[in-house]
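Peer 1: Got run24.cif for you, mmCIF, N, CA and C atoms:
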```cif
data_model
loop_
_atom_site.label_atom_id
_atom_site.label_comp_id
_atom_site.auth_asym_id
_atom_site.auth_seq_id
_atom_site.Cartn_x
_atom_site.Cartn_y
_atom_site.Cartn_z
N MET S 19 10.27 14.58 25.64
CA MET S 19 11.20 15.27 24.77
C MET S 19 11.99 14.28 23.92
N LYS S 20 12.43 13.18 24.53
CA LYS S 20 13.18 12.18 23.78
C LYS S 20 12.31 11.58 22.67
N GLN S 21 11.03 11.39 22.97
CA GLN S 21 10.13 10.82 21.96
C GLN S 21 10.03 11.73 20.74
N GLU S 22 9.96 13.03 20.98
CA GLU S 22 9.88 13.97 19.86
C GLU S 22 11.16 13.93 19.03
N LYS S 23 12.30 13.85 19.69
CA LYS S 23 13.59 13.76 18.97
C LYS S 23 13.65 12.47 18.16
N ASP S 24 13.19 11.38 18.77
CA ASP S 24 13.18 10.09 18.06
C ASP S 24 12.27 10.15 16.83
N ARG S 25 11.10 10.77 16.97
CA ARG S 25 10.18 10.89 15.83
C ARG S 25 10.82 11.66 14.69
N LYS S 26 11.54 12.72 15.04
CA LYS S 26 12.24 13.50 14.01
C LYS S 26 13.32 12.67 13.34
N LYS S 27 14.05 11.88 14.12
CA LYS S 27 15.10 11.02 13.55
C LYS S 27 14.50 9.97 12.61
N VAL S 28 13.37 9.41 13.02
CA VAL S 28 12.70 8.41 12.18
C VAL S 28 12.26 9.06 10.88
N ARG S 29 11.71 10.25 10.96
CA ARG S 29 11.27 10.95 9.75
C ARG S 29 12.45 11.22 8.81
N ILE S 30 13.59 11.54 9.37
CA ILE S 30 14.79 11.76 8.54
C ILE S 30 15.16 10.48 7.80
N VAL S 31 15.05 9.35 8.47
CA VAL S 31 15.31 8.07 7.80
C VAL S 31 14.30 7.88 6.66
N TYR S 32 13.03 8.11 6.95
CA TYR S 32 12.01 7.97 5.91
C TYR S 32 12.32 8.85 4.70
N MET S 33 12.68 10.10 4.96
CA MET S 33 12.94 11.06 3.89
C MET S 33 14.16 10.68 3.05
N LYS S 34 15.00 9.87 3.60
CA LYS S 34 16.17 9.36 2.86
C LYS S 34 15.72 8.45 1.71
N TYR S 35 14.57 7.82 1.88
CA TYR S 35 14.07 6.86 0.89
C TYR S 35 12.94 7.38 0.02
N THR S 36 12.21 8.38 0.51
CA THR S 36 11.14 8.99 -0.29
C THR S 36 10.78 10.34 0.30
N ASP S 37 10.40 11.26 -0.56
CA ASP S 37 9.93 12.56 -0.07
C ASP S 37 8.40 12.55 0.11
N ARG S 38 7.81 11.41 -0.15
CA ARG S 38 6.35 11.28 -0.04
C ARG S 38 6.00 10.58 1.28
N VAL S 39 6.14 11.33 2.36
CA VAL S 39 5.87 10.84 3.71
C VAL S 39 4.66 11.58 4.24
N GLU S 40 3.65 10.81 4.62
CA GLU S 40 2.41 11.40 5.15
C GLU S 40 2.25 10.97 6.60
N LYS S 41 2.28 11.93 7.50
CA LYS S 41 2.09 11.64 8.91
C LYS S 41 0.63 11.22 9.12
N PHE S 42 0.44 10.08 9.77
CA PHE S 42 -0.91 9.56 10.00
C PHE S 42 -1.34 9.78 11.45
N SER S 43 -0.43 9.57 12.37
CA SER S 43 -0.70 9.81 13.79
C SER S 43 0.63 10.13 14.46
N ILE S 44 0.62 10.20 15.76
CA ILE S 44 1.83 10.59 16.47
C ILE S 44 2.99 9.63 16.22
N ASP S 45 2.67 8.36 15.96
CA ASP S 45 3.75 7.39 15.74
C ASP S 45 3.56 6.54 14.48
N GLU S 46 2.77 7.06 13.54
CA GLU S 46 2.55 6.32 12.29
C GLU S 46 2.63 7.26 11.10
N SER S 47 3.18 6.72 10.02
CA SER S 47 3.28 7.47 8.77
C SER S 47 3.04 6.53 7.61
N PHE S 48 2.59 7.12 6.50
CA PHE S 48 2.49 6.39 5.25
C PHE S 48 3.62 6.88 4.34
N LEU S 49 4.32 5.95 3.72
CA LEU S 49 5.37 6.29 2.77
C LEU S 49 4.99 5.76 1.41
N ASP S 50 4.97 6.61 0.42
CA ASP S 50 4.76 6.17 -0.96
C ASP S 50 6.15 6.01 -1.57
N VAL S 51 6.56 4.77 -1.74
CA VAL S 51 7.91 4.49 -2.24
C VAL S 51 7.89 4.06 -3.71
N THR S 52 6.76 4.25 -4.37
CA THR S 52 6.62 3.81 -5.76
C THR S 52 7.77 4.31 -6.62
N SER S 53 8.08 5.60 -6.53
CA SER S 53 9.15 6.17 -7.35
C SER S 53 10.54 5.77 -6.87
N SER S 54 10.65 5.34 -5.64
CA SER S 54 11.96 5.00 -5.05
C SER S 54 12.45 3.61 -5.42
N LEU S 55 11.54 2.74 -5.79
CA LEU S 55 11.91 1.34 -6.02
C LEU S 55 12.96 1.20 -7.12
N LYS S 56 12.75 1.89 -8.20
CA LYS S 56 13.70 1.81 -9.31
C LYS S 56 15.05 2.42 -8.92
N PHE S 57 15.00 3.55 -8.21
CA PHE S 57 16.22 4.23 -7.81
C PHE S 57 17.07 3.34 -6.90
N PHE S 58 16.44 2.68 -5.93
CA PHE S 58 17.16 1.83 -4.99
C PHE S 58 17.30 0.39 -5.50
N ASN S 59 16.68 0.11 -6.64
CA ASN S 59 16.74 -1.22 -7.24
C ASN S 59 16.32 -2.31 -6.25
N MET S 60 15.15 -2.10 -5.64
CA MET S 60 14.62 -3.03 -4.64
C MET S 60 13.13 -3.20 -4.86
N THR S 61 12.62 -4.29 -4.32
CA THR S 61 11.17 -4.47 -4.26
C THR S 61 10.65 -3.64 -3.09
N SER S 62 9.35 -3.46 -3.04
CA SER S 62 8.76 -2.71 -1.93
C SER S 62 9.03 -3.41 -0.59
N PHE S 63 8.99 -4.72 -0.58
CA PHE S 63 9.25 -5.48 0.64
C PHE S 63 10.70 -5.30 1.08
N GLU S 64 11.64 -5.37 0.13
CA GLU S 64 13.06 -5.19 0.46
C GLU S 64 13.32 -3.79 1.00
N LEU S 65 12.72 -2.79 0.37
CA LEU S 65 12.92 -1.41 0.81
C LEU S 65 12.32 -1.20 2.20
N ALA S 66 11.15 -1.74 2.44
CA ALA S 66 10.52 -1.63 3.77
C ALA S 66 11.41 -2.27 4.83
N ASN S 67 11.98 -3.41 4.51
CA ASN S 67 12.87 -4.10 5.44
C ASN S 67 14.12 -3.27 5.71
N LYS S 68 14.66 -2.65 4.67
CA LYS S 68 15.85 -1.81 4.80
C LYS S 68 15.54 -0.61 5.72
N ILE S 69 14.40 0.01 5.54
CA ILE S 69 13.99 1.14 6.37
C ILE S 69 13.82 0.68 7.82
N ARG S 70 13.13 -0.44 8.00
CA ARG S 70 12.91 -0.99 9.35
C ARG S 70 14.24 -1.25 10.05
N GLU S 71 15.18 -1.87 9.34
CA GLU S 71 16.48 -2.19 9.93
C GLU S 71 17.27 -0.92 10.25
N GLU S 72 17.19 0.09 9.39
CA GLU S 72 17.92 1.33 9.65
C GLU S 72 17.37 2.05 10.88
N VAL S 73 16.06 2.09 11.01
CA VAL S 73 15.46 2.72 12.20
C VAL S 73 15.90 1.97 13.45
N LYS S 74 15.93 0.67 13.39
CA LYS S 74 16.32 -0.14 14.55
C LYS S 74 17.80 0.05 14.89
N ASN S 75 18.66 0.02 13.87
CA ASN S 75 20.10 0.09 14.11
C ASN S 75 20.59 1.50 14.45
N LYS S 76 20.02 2.52 13.84
CA LYS S 76 20.50 3.89 14.05
C LYS S 76 19.81 4.62 15.19
N ILE S 77 18.54 4.27 15.42
CA ILE S 77 17.77 5.01 16.42
C ILE S 77 17.44 4.15 17.63
N GLY S 78 17.46 2.83 17.43
CA GLY S 78 17.17 1.93 18.53
C GLY S 78 15.69 1.67 18.75
N LEU S 79 14.88 1.96 17.74
CA LEU S 79 13.44 1.73 17.84
C LEU S 79 13.04 0.60 16.90
N THR S 80 12.04 -0.16 17.33
CA THR S 80 11.49 -1.17 16.45
C THR S 80 10.22 -0.62 15.82
N ILE S 81 10.02 -0.95 14.56
CA ILE S 81 8.81 -0.53 13.86
C ILE S 81 8.23 -1.72 13.12
N SER S 82 6.93 -1.69 12.96
CA SER S 82 6.24 -2.68 12.16
C SER S 82 5.79 -1.99 10.88
N VAL S 83 6.05 -2.64 9.75
CA VAL S 83 5.78 -2.03 8.46
C VAL S 83 4.81 -2.90 7.67
N GLY S 84 3.82 -2.27 7.10
CA GLY S 84 2.90 -2.94 6.20
C GLY S 84 3.14 -2.45 4.79
N VAL S 85 3.24 -3.38 3.87
CA VAL S 85 3.46 -3.06 2.46
C VAL S 85 2.24 -3.54 1.69
N SER S 86 1.66 -2.64 0.90
CA SER S 86 0.50 -3.03 0.11
C SER S 86 0.28 -2.06 -1.02
N PHE S 87 -0.79 -2.32 -1.78
CA PHE S 87 -1.11 -1.49 -2.93
C PHE S 87 -2.03 -0.33 -2.58
N ASN S 88 -2.42 -0.20 -1.31
CA ASN S 88 -3.12 1.00 -0.85
C ASN S 88 -2.85 1.21 0.64
N LYS S 89 -3.13 2.40 1.11
CA LYS S 89 -2.78 2.76 2.49
C LYS S 89 -3.55 1.95 3.53
N SER S 90 -4.81 1.69 3.29
CA SER S 90 -5.61 0.96 4.27
C SER S 90 -5.05 -0.44 4.50
N LEU S 91 -4.69 -1.10 3.42
CA LEU S 91 -4.15 -2.45 3.56
C LEU S 91 -2.72 -2.42 4.12
N ALA S 92 -1.97 -1.38 3.80
CA ALA S 92 -0.64 -1.24 4.39
C ALA S 92 -0.76 -1.09 5.91
N LYS S 93 -1.73 -0.29 6.35
CA LYS S 93 -1.98 -0.12 7.78
C LYS S 93 -2.36 -1.45 8.41
N LEU S 94 -3.25 -2.18 7.77
CA LEU S 94 -3.64 -3.50 8.27
C LEU S 94 -2.41 -4.41 8.34
N GLY S 95 -1.57 -4.37 7.30
CA GLY S 95 -0.36 -5.20 7.28
C GLY S 95 0.57 -4.87 8.42
N SER S 96 0.68 -3.60 8.78
CA SER S 96 1.58 -3.23 9.87
C SER S 96 1.09 -3.76 11.21
N ASP S 97 -0.20 -4.03 11.30
CA ASP S 97 -0.76 -4.59 12.54
C ASP S 97 -0.66 -6.11 12.61
N LEU S 98 -0.32 -6.76 11.51
CA LEU S 98 -0.29 -8.22 11.48
C LEU S 98 0.85 -8.81 12.30
N LYS S 99 2.01 -8.18 12.22
CA LYS S 99 3.18 -8.67 12.95
C LYS S 99 3.78 -7.51 13.73
N LYS S 100 3.89 -7.68 15.00
CA LYS S 100 4.46 -6.65 15.86
C LYS S 100 5.46 -7.32 16.79
N PRO S 101 6.46 -6.68 17.27
CA PRO S 101 6.72 -5.26 17.13
C PRO S 101 7.79 -4.92 16.09
N ASP S 102 8.36 -5.88 15.44
CA ASP S 102 9.53 -5.60 14.59
C ASP S 102 9.50 -6.49 13.36
N ALA S 103 8.66 -6.11 12.39
CA ALA S 103 8.51 -6.98 11.22
C ALA S 103 7.96 -6.20 10.04
N VAL S 104 8.02 -6.84 8.88
CA VAL S 104 7.42 -6.31 7.66
C VAL S 104 6.40 -7.33 7.17
N SER S 105 5.19 -6.88 6.91
CA SER S 105 4.14 -7.73 6.36
C SER S 105 3.72 -7.16 5.02
N LYS S 106 3.48 -8.05 4.08
CA LYS S 106 3.08 -7.61 2.75
C LYS S 106 1.71 -8.18 2.40
N ILE S 107 0.83 -7.30 1.97
CA ILE S 107 -0.47 -7.72 1.46
C ILE S 107 -0.50 -7.29 0.00
N ASP S 108 -0.46 -8.27 -0.88
CA ASP S 108 -0.46 -7.97 -2.31
C ASP S 108 -1.61 -8.71 -2.99
N TYR S 109 -1.66 -8.61 -4.30
CA TYR S 109 -2.75 -9.24 -5.04
C TYR S 109 -2.75 -10.76 -4.88
N GLU S 110 -1.57 -11.35 -4.70
CA GLU S 110 -1.48 -12.80 -4.60
C GLU S 110 -1.97 -13.34 -3.26
N ASN S 111 -1.72 -12.61 -2.17
CA ASN S 111 -2.08 -13.16 -0.85
C ASN S 111 -3.24 -12.43 -0.18
N PHE S 112 -3.82 -11.49 -0.88
CA PHE S 112 -4.89 -10.67 -0.32
C PHE S 112 -6.00 -11.50 0.31
N TYR S 113 -6.53 -12.45 -0.43
CA TYR S 113 -7.67 -13.22 0.06
C TYR S 113 -7.31 -14.21 1.15
N THR S 114 -6.05 -14.56 1.28
CA THR S 114 -5.66 -15.46 2.36
C THR S 114 -5.37 -14.70 3.65
N ILE S 115 -5.10 -13.41 3.55
CA ILE S 115 -4.77 -12.61 4.74
C ILE S 115 -5.99 -11.90 5.30
N ILE S 116 -6.82 -11.35 4.43
CA ILE S 116 -7.99 -10.59 4.89
C ILE S 116 -9.02 -11.56 5.45
N PRO S 117 -9.35 -11.42 6.73
CA PRO S 117 -10.28 -12.36 7.35
C PRO S 117 -11.70 -12.19 6.82
N GLU S 118 -12.43 -13.28 6.83
CA GLU S 118 -13.83 -13.23 6.41
C GLU S 118 -14.58 -12.25 7.31
N GLY S 119 -15.41 -11.42 6.72
CA GLY S 119 -16.17 -10.43 7.48
C GLY S 119 -15.42 -9.13 7.69
N PHE S 120 -14.20 -9.03 7.18
CA PHE S 120 -13.38 -7.84 7.38
C PHE S 120 -14.09 -6.57 6.89
N PHE S 121 -14.59 -6.59 5.68
CA PHE S 121 -15.21 -5.40 5.11
C PHE S 121 -16.48 -5.03 5.87
N GLU S 122 -17.23 -6.03 6.27
CA GLU S 122 -18.44 -5.77 7.02
C GLU S 122 -18.09 -5.08 8.34
N ASN S 123 -17.03 -5.54 9.00
CA ASN S 123 -16.64 -4.94 10.28
C ASN S 123 -16.05 -3.54 10.09
N VAL S 124 -15.18 -3.39 9.12
CA VAL S 124 -14.54 -2.10 8.90
C VAL S 124 -15.55 -1.04 8.51
N PHE S 125 -16.47 -1.39 7.63
CA PHE S 125 -17.42 -0.41 7.13
C PHE S 125 -18.77 -0.48 7.86
N SER S 126 -18.81 -1.19 8.97
CA SER S 126 -20.01 -1.27 9.83
C SER S 126 -21.25 -1.67 9.06
N ILE S 127 -21.13 -2.70 8.26
CA ILE S 127 -22.30 -3.23 7.56
C ILE S 127 -22.97 -4.22 8.51
N PHE S 128 -24.14 -3.90 8.97
CA PHE S 128 -24.83 -4.72 9.95
C PHE S 128 -25.42 -5.96 9.30
N PRO S 129 -25.50 -7.06 10.08
CA PRO S 129 -25.97 -8.34 9.53
C PRO S 129 -27.31 -8.25 8.81
N ASP S 130 -28.29 -7.52 9.36
CA ASP S 130 -29.59 -7.43 8.69
C ASP S 130 -29.49 -6.72 7.35
N TYR S 131 -28.68 -5.70 7.30
CA TYR S 131 -28.47 -4.98 6.04
C TYR S 131 -27.67 -5.84 5.07
N GLN S 132 -26.72 -6.58 5.60
CA GLN S 132 -25.87 -7.45 4.77
C GLN S 132 -26.74 -8.44 4.00
N LYS S 133 -27.77 -8.96 4.62
CA LYS S 133 -28.65 -9.93 3.96
C LYS S 133 -29.33 -9.32 2.74
N ASN S 134 -29.56 -8.02 2.79
CA ASN S 134 -30.28 -7.34 1.72
C ASN S 134 -29.38 -6.86 0.58
N LEU S 135 -28.08 -6.95 0.79
CA LEU S 135 -27.17 -6.50 -0.27
C LEU S 135 -27.24 -7.42 -1.47
N ASP S 136 -27.18 -6.85 -2.61
CA ASP S 136 -27.19 -7.62 -3.84
C ASP S 136 -25.87 -8.36 -4.00
N ALA S 137 -25.89 -9.62 -4.40
CA ALA S 137 -24.68 -10.42 -4.55
C ALA S 137 -23.70 -9.78 -5.53
N ASN S 138 -24.20 -9.16 -6.58
CA ASN S 138 -23.30 -8.51 -7.54
C ASN S 138 -22.56 -7.35 -6.90
N PHE S 139 -23.26 -6.60 -6.04
CA PHE S 139 -22.60 -5.49 -5.35
C PHE S 139 -21.48 -6.02 -4.47
N GLN S 140 -21.75 -7.08 -3.74
CA GLN S 140 -20.73 -7.67 -2.86
C GLN S 140 -19.53 -8.09 -3.68
N TYR S 141 -19.78 -8.74 -4.79
CA TYR S 141 -18.67 -9.21 -5.64
C TYR S 141 -17.84 -8.04 -6.14
N GLU S 142 -18.52 -7.02 -6.65
CA GLU S 142 -17.81 -5.87 -7.21
C GLU S 142 -17.06 -5.12 -6.12
N PHE S 143 -17.63 -5.01 -4.93
CA PHE S 143 -16.99 -4.34 -3.82
C PHE S 143 -15.68 -5.02 -3.46
N CYS S 144 -15.72 -6.34 -3.34
CA CYS S 144 -14.51 -7.09 -3.01
C CYS S 144 -13.53 -7.09 -4.16
N SER S 145 -14.02 -7.10 -5.38
CA SER S 145 -13.14 -7.10 -6.54
C SER S 145 -12.36 -5.80 -6.66
N ALA S 146 -12.93 -4.73 -6.13
CA ALA S 146 -12.24 -3.44 -6.19
C ALA S 146 -10.96 -3.47 -5.40
N PHE S 147 -10.85 -4.40 -4.47
CA PHE S 147 -9.67 -4.51 -3.64
C PHE S 147 -8.71 -5.58 -4.14
N SER S 148 -9.01 -6.18 -5.28
CA SER S 148 -8.12 -7.24 -5.76
C SER S 148 -7.42 -6.83 -7.02
#
```
Starting from the coordinates I provided, produce the structure as C-alpha cells.

Peer 2:
Amino acid sequence: MKQEKDRKKVRIVYMKYTDRVEKFSIDESFLDVTSSLKFFNMTSFELANKIREEVKNKIGLTISVGVSFNKSLAKLGSDLKKPDAVSKIDYENFYTIIPEGFFENVFSIFPDYQKNLDANFQYEFCSAFS
C-alpha cells in the first residue's frame, strides 16, 4: 500500500514539470520535458536533476534518470548510474557511451547474419541514432 502511495506522489512531482508522463512499468516512466525547458529556463539535465532531488527530498525515494533525445536511450541512460543519479546521452557523447555491439545485442542480430549485412546498411542504421 505504501508503494502505491509513493508512486502516486512521484507522479505528482512529475506532473509538476510536464503533463507528458508515460508510465512504462510499475516503477518507471518516460517524461517528455521538451516544452518545459523554456518555461523552467533549464537544460534537460538540470531539470532532470531538479526532479530527482525533489523526489528524494519530498518523498524519500532515490531515482535514476536518463536524459536523451529518444526514449530508448533515456532508458539506457537511467541504467548507467544507480541508484541516485542523472545520466545524459546526447549527440556529443553517444558513441563514447554506447558499447560496441549494443545494437546487435538489443536487436538480436546474430553473428552469422551480421557478417552478411551490407556495410552501408550498418552505417545508415547507426547514423539514424546520431

Peer 1: So which one's closest to Asp45 (chain S), S:Ile81, S:Val31, S:Asn111, S:Lys76? Using only C-alpha atoms, please.

Peer 2: S:Ile81

Peer 1: Report as a list in words the full result of the PyMOL selection byres (((chain S and resi 103 and name CA) around 10) and name CA) when it is applied to this structure.

Peer 2: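 After applying the PyMOL selection byres (((chain S and resi 103 and name CA) around 10) and name CA), what remains is Ala66, Asn67, Arg70, Glu71, Thr80, Ile81, Ser82, Val83, Gly84, Gly95, Ser96, Asp97, Leu98, Lys99, Lys100, Pro101, Asp102, Val104 and Ser105 of chain S.
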
Peer 1: Any chance you could work out the residue set of the PyMOL selection byres (((chain S and resi 38 and name CA) around 9) and name CA) here, as a list in words?

Peer 2: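 Checking the PyMOL selection byres (((chain S and resi 38 and name CA) around 9) and name CA) against this file, the residues are Tyr32, Met33, Tyr35, Thr36, Asp37, Val39, Glu40, Phe48, Leu49, Asp50 and Val51 of chain S.
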
Peer 1: Take the residues just selected and output them with N, CA and C atoms as a PDB file, in the frame of the given file.

Peer 2:
```pdb
ATOM      1  N   TYR S  32      13.030   8.110   6.950  1.00  0.00           N
ATOM      2  CA  TYR S  32      12.010   7.970   5.910  1.00  0.00           C
ATOM      3  C   TYR S  32      12.320   8.850   4.700  1.00  0.00           C
ATOM      4  N   MET S  33      12.680  10.100   4.960  1.00  0.00           N
ATOM      5  CA  MET S  33      12.940  11.060   3.890  1.00  0.00           C
ATOM      6  C   MET S  33      14.160  10.680   3.050  1.00  0.00           C
ATOM      7  N   TYR S  35      14.570   7.820   1.880  1.00  0.00           N
ATOM      8  CA  TYR S  35      14.070   6.860   0.890  1.00  0.00           C
ATOM      9  C   TYR S  35      12.940   7.380   0.020  1.00  0.00           C
ATOM     10  N   THR S  36      12.210   8.380   0.510  1.00  0.00           N
ATOM     11  CA  THR S  36      11.140   8.990  -0.290  1.00  0.00           C
ATOM     12  C   THR S  36      10.780  10.340   0.300  1.00  0.00           C
ATOM     13  N   ASP S  37      10.400  11.260  -0.560  1.00  0.00           N
ATOM     14  CA  ASP S  37       9.930  12.560  -0.070  1.00  0.00           C
ATOM     15  C   ASP S  37       8.400  12.550   0.110  1.00  0.00           C
ATOM     16  N   VAL S  39       6.140  11.330   2.360  1.00  0.00           N
ATOM     17  CA  VAL S  39       5.870  10.840   3.710  1.00  0.00           C
ATOM     18  C   VAL S  39       4.660  11.580   4.240  1.00  0.00           C
ATOM     19  N   GLU S  40       3.650  10.810   4.620  1.00  0.00           N
ATOM     20  CA  GLU S  40       2.410  11.400   5.150  1.00  0.00           C
ATOM     21  C   GLU S  40       2.250  10.970   6.600  1.00  0.00           C
ATOM     22  N   PHE S  48       2.590   7.120   6.500  1.00  0.00           N
ATOM     23  CA  PHE S  48       2.490   6.390   5.250  1.00  0.00           C
ATOM     24  C   PHE S  48       3.620   6.880   4.340  1.00  0.00           C
ATOM     25  N   LEU S  49       4.320   5.950   3.720  1.00  0.00           N
ATOM     26  CA  LEU S  49       5.370   6.290   2.770  1.00  0.00           C
ATOM     27  C   LEU S  49       4.990   5.760   1.410  1.00  0.00           C
ATOM     28  N   ASP S  50       4.970   6.610   0.420  1.00  0.00           N
ATOM     29  CA  ASP S  50       4.760   6.170  -0.960  1.00  0.00           C
ATOM     30  C   ASP S  50       6.150   6.010  -1.570  1.00  0.00           C
ATOM     31  N   VAL S  51       6.560   4.770  -1.740  1.00  0.00           N
ATOM     32  CA  VAL S  51       7.910   4.490  -2.240  1.00  0.00           C
ATOM     33  C   VAL S  51       7.890   4.060  -3.710  1.00  0.00           C
TER      34      VAL S  51
END
```

Peer 1: Take the PyMOL selection byres (((chain S and resi 22-24 and name CA) around 12) and name CA), apply it to the structure above, and return the hits as number ranges by chain.

Peer 2: S: 19-21, 25-31, 44-45, 73-74, 76-80

Peer 1: Just how far from atom N of Lys41 (chain S) is CA of Ser53 (chain S), in Å to one decimal?

Peer 2: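 If I compute the distance from CA of Ser53 (chain S) to atom N of Lys41 (chain S), I get 17.3 Å.
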
Peer 1: Could you state the separation of CA of Ile115 (chain S) and CA of Phe58 (chain S) in Å, given to one decimal place?

Peer 2: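 CA of Phe58 (chain S) lies at a distance of 28.0 Å from CA of Ile115 (chain S).
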
Peer 1: What does the distance between CA of Phe112 (chain S) and CA of Lys56 (chain S) come to in Å, to one decimal place?

Peer 2: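 Straight-line distance from CA of Phe112 (chain S) to CA of Lys56 (chain S) works out to 24.1 Å.
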
Peer 1: Calculated over only C-alpha atoms, which of the candidates S:Ser43, S:Lys34, S:Ile107, S:Leu94 has the smallest distance to Ser62 (chain S)?

Peer 2: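 That would be S:Ile107, the residue with the smallest distance to Ser62 (chain S).
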